[in-house]
$ cat model32.csv   # CSV, C-alpha atoms
chain,number,residue,atom,x,y,z
A,1,MET,CA,-147.3,-23.8,75.7
A,2,VAL,CA,-145.3,-26.4,77.7
A,3,SER,CA,-144.6,-25.3,81.2
A,4,GLY,CA,-141.0,-25.2,82.5
A,5,MET,CA,-141.8,-28.0,84.9
A,6,LEU,CA,-143.3,-30.2,82.2
A,7,ALA,CA,-140.3,-29.5,79.9
A,8,LEU,CA,-138.0,-30.6,82.7
A,9,LEU,CA,-139.9,-33.8,83.3
A,10,THR,CA,-139.7,-34.5,79.5
A,11,LEU,CA,-136.0,-34.0,79.6
A,12,VAL,CA,-135.5,-36.2,82.6
A,13,ALA,CA,-137.6,-39.0,81.1
A,14,GLY,CA,-136.4,-38.5,77.5
A,15,PRO,CA,-134.5,-40.7,75.1
A,16,THR,CA,-132.3,-43.5,76.6
A,17,GLY,CA,-129.2,-44.9,75.0
A,18,PRO,CA,-129.4,-47.1,71.8
A,19,GLU,CA,-130.0,-50.8,71.9
A,20,ALA,CA,-127.3,-53.2,70.6
A,21,PRO,CA,-127.1,-52.9,66.8
A,22,GLN,CA,-128.7,-55.6,64.8
A,23,ARG,CA,-127.7,-56.5,61.2
A,24,TYR,CA,-130.1,-57.4,58.4
A,25,LYS,CA,-130.0,-58.5,54.8
A,26,MET,CA,-132.9,-57.5,52.5
A,27,ASP,CA,-133.4,-59.0,49.0
A,28,VAL,CA,-135.7,-56.9,46.7
A,29,MET,CA,-137.1,-57.7,43.3
A,30,ILE,CA,-139.2,-55.2,41.3
A,31,SER,CA,-140.8,-55.8,38.0
A,32,GLN,CA,-142.6,-53.1,36.0
A,33,VAL,CA,-144.7,-53.5,32.8
A,34,LEU,CA,-145.4,-50.3,31.0
A,35,ASP,CA,-148.2,-50.5,28.4
A,36,LEU,CA,-147.3,-47.8,25.7
A,37,SER,CA,-149.9,-49.0,23.2
A,38,ALA,CA,-151.5,-45.6,23.2
A,39,MET,CA,-148.2,-44.2,21.9
A,40,GLY,CA,-147.7,-47.0,19.4
A,41,MET,CA,-144.9,-48.6,21.2
A,42,GLY,CA,-146.4,-51.7,22.9
A,43,GLU,CA,-145.3,-53.0,26.3
A,44,GLN,CA,-141.9,-52.3,27.9
A,45,THR,CA,-140.6,-54.3,30.8
A,46,SER,CA,-138.0,-53.4,33.4
A,47,ASP,CA,-136.7,-55.5,36.2
A,48,ILE,CA,-134.6,-54.5,39.3
A,49,ASN,CA,-132.9,-56.9,41.7
A,50,GLY,CA,-131.2,-55.6,44.8
A,51,THR,CA,-129.5,-56.8,48.0
A,52,VAL,CA,-129.1,-54.4,50.8
A,53,PHE,CA,-127.2,-54.9,54.1
A,54,PHE,CA,-128.3,-52.8,57.1
A,55,THR,CA,-127.3,-52.1,60.6
A,56,LEU,CA,-130.3,-51.2,62.8
A,57,THR,CA,-130.2,-49.4,66.1
A,58,THR,CA,-133.1,-48.3,68.2
A,59,SER,CA,-133.4,-46.0,71.2
A,60,ASP,CA,-136.3,-45.2,73.5
A,61,THR,CA,-138.0,-41.9,73.4
A,62,THR,CA,-141.1,-40.3,74.8
A,63,ASP,CA,-144.1,-42.6,73.9
A,64,GLY,CA,-142.1,-44.7,71.4
A,65,GLN,CA,-138.8,-45.5,69.8
A,66,LEU,CA,-136.4,-44.0,67.3
A,67,ALA,CA,-135.2,-46.5,64.6
A,68,HIS,CA,-132.0,-45.7,62.7
A,69,ALA,CA,-131.1,-48.1,59.8
A,70,VAL,CA,-127.7,-47.5,58.2
A,71,ILE,CA,-127.0,-48.9,54.7
A,72,ASP,CA,-123.8,-50.9,55.0
A,73,SER,CA,-123.8,-51.9,51.3
A,74,MET,CA,-126.1,-52.4,48.3
A,75,MET,CA,-125.8,-54.5,45.2
A,76,VAL,CA,-128.2,-53.9,42.3
A,77,THR,CA,-128.8,-55.1,38.7
A,78,ALA,CA,-131.5,-53.8,36.4
A,79,THR,CA,-132.8,-54.3,32.9
A,80,GLY,CA,-134.9,-52.2,30.5
A,81,GLN,CA,-135.3,-48.5,31.1
A,82,ALA,CA,-134.6,-49.1,34.8
A,83,ALA,CA,-130.9,-49.8,33.9
A,84,MET,CA,-130.4,-46.1,33.2
A,85,GLN,CA,-131.3,-45.2,36.8
A,86,PHE,CA,-130.3,-48.2,38.9
A,87,SER,CA,-126.6,-48.8,38.3
A,88,GLN,CA,-124.1,-50.2,40.7
A,89,SER,CA,-122.3,-46.9,41.0
A,90,VAL,CA,-125.6,-45.3,42.1
A,91,ALA,CA,-126.1,-48.0,44.7
A,92,ASP,CA,-122.5,-47.6,46.0
A,93,GLY,CA,-123.3,-44.0,46.6
A,94,LEU,CA,-125.7,-45.0,49.4
A,95,LYS,CA,-123.1,-46.6,51.6
A,96,GLY,CA,-123.3,-45.0,55.0
A,97,GLU,CA,-126.6,-43.3,54.3
A,98,TYR,CA,-129.6,-44.1,56.5
A,99,ILE,CA,-133.3,-44.3,57.1
A,100,HIS,CA,-134.7,-42.7,60.2
A,101,ALA,CA,-138.2,-43.5,61.6
A,102,TYR,CA,-140.4,-43.0,64.7
A,103,ILE,CA,-141.9,-46.2,66.0
A,104,LYS,CA,-145.0,-46.2,68.1
A,105,ASP,CA,-146.6,-49.4,69.4
A,106,GLY,CA,-144.2,-51.4,67.3
A,107,LYS,CA,-145.3,-49.7,64.0
A,108,VAL,CA,-143.8,-46.9,61.9
A,109,GLU,CA,-145.6,-43.7,62.7
A,110,GLY,CA,-145.7,-41.4,59.7
A,111,THR,CA,-143.3,-41.9,56.8
A,112,PRO,CA,-139.6,-43.1,57.3
A,113,THR,CA,-137.1,-40.3,56.4
A,114,PRO,CA,-134.1,-41.1,54.2
A,115,SER,CA,-130.9,-39.2,54.6
A,116,VAL,CA,-130.8,-38.5,50.9
A,117,SER,CA,-133.6,-37.9,48.4
A,118,GLY,CA,-131.9,-37.6,45.0
A,119,ASN,CA,-130.6,-41.1,44.7
A,120,PRO,CA,-133.2,-43.5,43.0
A,121,ALA,CA,-131.6,-46.6,44.6
A,122,MET,CA,-132.9,-45.4,48.0
A,123,ALA,CA,-136.3,-46.7,46.8
A,124,LEU,CA,-135.0,-50.2,47.1
A,125,ALA,CA,-134.0,-49.6,50.8
A,126,MET,CA,-137.1,-47.8,52.0
A,127,PRO,CA,-139.4,-50.9,52.7
A,128,PHE,CA,-136.9,-52.1,55.3
A,129,VAL,CA,-138.1,-50.2,58.4
A,130,SER,CA,-141.8,-50.8,57.8
A,131,ALA,CA,-141.1,-54.5,57.2
A,132,VAL,CA,-139.4,-55.1,60.6
A,133,PHE,CA,-141.7,-52.8,62.5
A,134,ALA,CA,-145.1,-53.9,61.4
A,135,GLY,CA,-147.0,-53.3,64.6
A,136,VAL,CA,-147.1,-56.7,66.2
A,137,ARG,CA,-149.5,-56.6,69.2
A,138,ASP,CA,-149.5,-58.4,72.5
A,139,GLY,CA,-152.3,-60.9,73.2
A,140,ALA,CA,-154.2,-60.3,70.0
A,141,LYS,CA,-154.9,-63.2,67.5
A,142,THR,CA,-156.3,-61.0,64.7
A,143,TRP,CA,-156.4,-57.2,64.2
A,144,ALA,CA,-156.5,-54.6,61.4
A,145,ASP,CA,-154.0,-51.8,60.8
A,146,THR,CA,-154.3,-48.7,58.6
A,147,ILE,CA,-151.0,-47.7,56.9
A,148,SER,CA,-150.6,-44.3,55.4
A,149,THR,CA,-147.5,-42.9,53.8
A,150,VAL,CA,-146.5,-39.7,52.0
A,151,THR,CA,-143.3,-39.9,50.0
A,152,SER,CA,-142.0,-36.7,48.5
A,153,ASN,CA,-138.8,-35.7,46.7
A,154,ASP,CA,-137.7,-33.2,44.0
A,155,GLN,CA,-139.5,-35.2,41.3
A,156,SER,CA,-142.6,-36.7,42.8
A,157,THR,CA,-145.1,-36.7,45.7
A,158,MET,CA,-146.9,-40.0,46.3
A,159,ASN,CA,-149.7,-40.8,48.8
A,160,ALA,CA,-150.5,-44.4,49.7
A,161,GLN,CA,-153.1,-45.8,52.1
A,162,SER,CA,-154.0,-49.4,52.9
A,163,ILE,CA,-155.7,-51.6,55.5
A,164,VAL,CA,-153.8,-54.8,56.5
A,165,ASN,CA,-155.6,-57.6,58.3
A,166,TRP,CA,-153.2,-59.6,60.5
A,167,THR,CA,-153.5,-63.1,61.8
A,168,VAL,CA,-151.2,-64.9,64.3
A,169,THR,CA,-150.5,-68.4,62.9
A,170,GLY,CA,-148.0,-69.7,65.5
A,171,MET,CA,-145.5,-69.0,68.2
A,172,THR,CA,-142.0,-70.1,69.0
A,173,GLY,CA,-140.6,-68.9,72.3
A,174,ASP,CA,-141.2,-65.1,72.3
A,175,GLU,CA,-141.6,-64.9,68.6
A,176,LEU,CA,-144.9,-64.9,66.8
A,177,GLN,CA,-145.5,-66.1,63.2
A,178,LEU,CA,-148.0,-63.9,61.4
A,179,THR,CA,-149.6,-63.3,58.0
A,180,GLY,CA,-151.1,-60.1,56.7
A,181,GLU,CA,-153.4,-59.3,53.8
A,182,GLY,CA,-153.8,-55.7,52.7
A,183,ALA,CA,-155.4,-53.6,50.0
A,184,GLY,CA,-155.5,-49.9,49.4
A,185,THR,CA,-154.9,-47.0,47.0
A,186,VAL,CA,-152.0,-44.9,45.7
A,187,SER,CA,-152.1,-41.5,44.1
A,188,GLY,CA,-149.7,-38.7,43.3
A,189,GLU,CA,-147.7,-36.7,40.8
A,190,GLN,CA,-144.3,-37.5,39.2
A,191,ALA,CA,-142.5,-35.2,36.8
A,192,GLY,CA,-145.8,-33.5,36.0
A,193,ASN,CA,-147.7,-36.7,35.4
A,194,GLN,CA,-150.8,-37.7,37.4
A,195,ILE,CA,-150.7,-41.3,38.9
A,196,SER,CA,-153.5,-43.2,40.6
A,197,GLY,CA,-154.2,-46.9,41.2
A,198,GLU,CA,-154.8,-49.8,43.5
A,199,VAL,CA,-152.4,-51.9,45.6
A,200,THR,CA,-152.5,-55.3,47.3
A,201,ASN,CA,-150.0,-56.6,49.8
A,202,THR,CA,-149.3,-59.9,51.5
A,203,TRP,CA,-147.0,-60.3,54.5
A,204,THR,CA,-145.3,-63.2,56.3
A,205,LEU,CA,-143.6,-62.2,59.5
A,206,THR,CA,-141.7,-63.6,62.4
A,207,SER,CA,-141.4,-61.1,65.2
A,208,VAL,CA,-141.5,-60.5,68.9
A,209,VAL,CA,-144.2,-58.2,70.2
A,210,GLY,CA,-143.3,-54.6,69.2
A,211,GLY,CA,-140.6,-55.7,66.8
A,212,PRO,CA,-138.2,-55.7,65.2
A,213,ALA,CA,-138.9,-58.8,63.2
A,214,THR,CA,-136.2,-61.4,62.6
A,215,LYS,CA,-137.8,-62.3,59.2
A,216,ALA,CA,-140.3,-60.6,57.0
A,217,VAL,CA,-141.5,-61.3,53.5
A,218,LEU,CA,-143.6,-58.7,51.7
A,219,GLU,CA,-145.3,-59.2,48.3
A,220,SER,CA,-146.9,-56.2,46.6
A,221,SER,CA,-148.8,-55.6,43.4
A,222,GLN,CA,-149.8,-52.2,42.0
A,223,ASP,CA,-152.1,-51.5,39.1
A,224,LEU,CA,-151.6,-47.9,38.1
A,225,LEU,CA,-152.8,-45.4,35.5
A,226,ILE,CA,-150.6,-42.5,34.4
A,227,ILE,CA,-152.1,-39.4,32.8
A,228,THR,CA,-149.5,-37.5,30.8
A,229,MET,CA,-149.5,-34.9,28.1
A,230,GLN,CA,-147.3,-37.2,26.0
A,231,ALA,CA,-150.0,-39.8,25.4
A,232,PRO,CA,-153.6,-39.4,24.1
A,233,GLU,CA,-154.9,-42.0,26.7
A,234,PRO,CA,-153.9,-43.0,30.2
A,235,ILE,CA,-150.9,-45.4,30.4
A,236,ALA,CA,-151.4,-48.6,32.3
A,237,VAL,CA,-148.5,-49.7,34.6
A,238,GLN,CA,-148.2,-52.9,36.6
A,239,VAL,CA,-145.6,-53.0,39.3
A,240,THR,CA,-144.9,-56.1,41.4
A,241,THR,CA,-142.5,-56.1,44.3
A,242,SER,CA,-141.0,-58.8,46.5
A,243,ALA,CA,-138.9,-58.0,49.6
A,244,THR,CA,-137.4,-60.6,51.9
A,245,VAL,CA,-135.7,-59.4,55.1
A,246,VAL,CA,-133.7,-61.7,57.5
A,247,GLU,CA,-131.7,-60.8,60.6
A,248,ILE,CA,-128.0,-61.8,60.3
A,249,PRO,CA,-126.9,-63.5,63.5
$ encode --input "model32.csv" --output "structure tokens"
Amino acid sequence: MVSGMLALLTLVAGPTGPEAPQRYKMDVMISQVLDLSAMGMGEQTSDINGTVFFTLTTSDTTDGQLAHAVIDSMMVTATGQAAMQFSQSVADGLKGEYIHAYIKDGKVEGTPTPSVSGNPAMALAMPFVSAVFAGVRDGAKTWADTISTVTSNDQSTMNAQSIVNWTVTGMTGDELQLTGEGAGTVSGEQAGNQISGEVTNTWTLTSVVGGPATKAVLESSQDLLIITMQAPEPIAVQVTTSATVVEIP
């Protein structure tokens, strides 16, 4: 139990006011290849392209920061089966919605929380906070970070874990240039189907120590297997993602 005195000290030293807002643009490209040979249908390809504009504010709190990223606007186009979910009207529905995250030592602690869970286009916005708060350290030239996320909504629960090895490649003023190489696993359930697989990530980052970054490029590749009652064999899925984030002056 927290004593009254400790609670008072926590209140006195609690969150401070927000920092000046920063605006960002993020371009996202997702390609999915679904191998339905086991169902006699061959491969099906879907592509999603999106551009999201954010306003980011941060405020200090006990032992960390709170990050609040508001979606100012989103543009999206999609082909294949993805076109049924990722329409412009769905993207327009996210205007004014937000992503909230707790930042510790410059890195997202836990899983960022979206303000809505039923809009599929939110998946395009979710990489933003983790991209600009990647855990850039002071004084280190190389280090390794473990990233664990749990994403849950009405239709799915996904767990992802990976280890990213970071290397500082240069410095301009207070900003560091870094690269990261990561590998890990993903598993979960979606609409009653079991999903498992491997993921590899590469990062290119320009950031001050502790973040947020002014530029971030994330490339991701996932090789997944889906076990479903609708197919006699597991279905192979390959998903590639590219996200480029830049601060808008």
$ residues_near_point --input "model32.csv" --point "(-126.8, -51.9, 54.6)" --cutoff "12 Å" --atoms "only C-alpha atoms" --output "PyMOL selection string"
chain A and resi 22-27+50-56+68-75+91-99+122+124-126+128+245+247-248
$ residues_around --input "model32.csv" --residues "Thr151 in chain A" --least-positions-apart "4" --cutoff "9 Å" --atoms "all atoms listed in the file" --output "list of chain:residue names"
A:Thr111, A:Pro112, A:Thr113, A:Ser156, A:Thr157, A:Met158, A:Asn159, A:Ala160
$ residues_around --input "model32.csv" --residues "range 220-236 of chain A" --least-positions-apart "3" --cutoff "10 Å" --atoms "only C-alpha atoms" --output "ChimeraX atom specification"
/A:30-40,43,182-203,239-243
$ residues_near_point --input "model32.csv" --point "(-135.4, -50.8, 32.3)" --cutoff "10 Å" --atoms "only C-alpha atoms" --output "VMD selection string"
chain A and resid 31 to 33 44 to 48 78 to 86
$ residues_around --input "model32.csv" --residues "range 131-143 of chain A" --least-positions-apart "4" --cutoff "7 Å" --atoms "only C-alpha atoms" --output "PyMOL selection string"
chain A and resi 105-108+127+165-168+209-213+216
$ atom_distance --input "model32.csv" --atom1 "CA of Gly64 in chain A" --atom2 "CA of Tyr102 in chain A"
7.1 Å
$ closest_residue --input "model32.csv" --among "A:Thr172, A:Thr206, A:Ser87, A:Ser162" --to "Pro120 in chain A" --atoms "all atoms listed in the file"
A:Ser87
$ closest_residue --input "model32.csv" --among "A:Val164, A:Val246, A:Val76, A:Leu178" --to "Met29 in chain A" --atoms "all atoms listed in the file"
A:Val76
$ closest_residue --input "model32.csv" --among "A:Glu219, A:Val208, A:Lys104, A:Val150" --to "Asp174 in chain A" --atoms "only C-alpha atoms"
A:Val208
$ atom_distance --input "model32.csv" --atom1 "CA of Val217 in chain A" --atom2 "CA of Thr204 in chain A"
5.1 Å
$ atom_distance --input "model32.csv" --atom1 "CA of Gly118 in chain A" --atom2 "CA of His100 in chain A"
16.3 Å
$ closest_residue --input "model32.csv" --among "A:Thr58, A:Gln88, A:Ser130, A:Thr146" --to "Ile163 in chain A" --atoms "only C-alpha atoms"
A:Thr146
$ closest_residue --input "model32.csv" --among "A:Lys215, A:Val237, A:Met41, A:Ala144" --to "Pro249 in chain A" --atoms "only C-alpha atoms"
A:Lys215
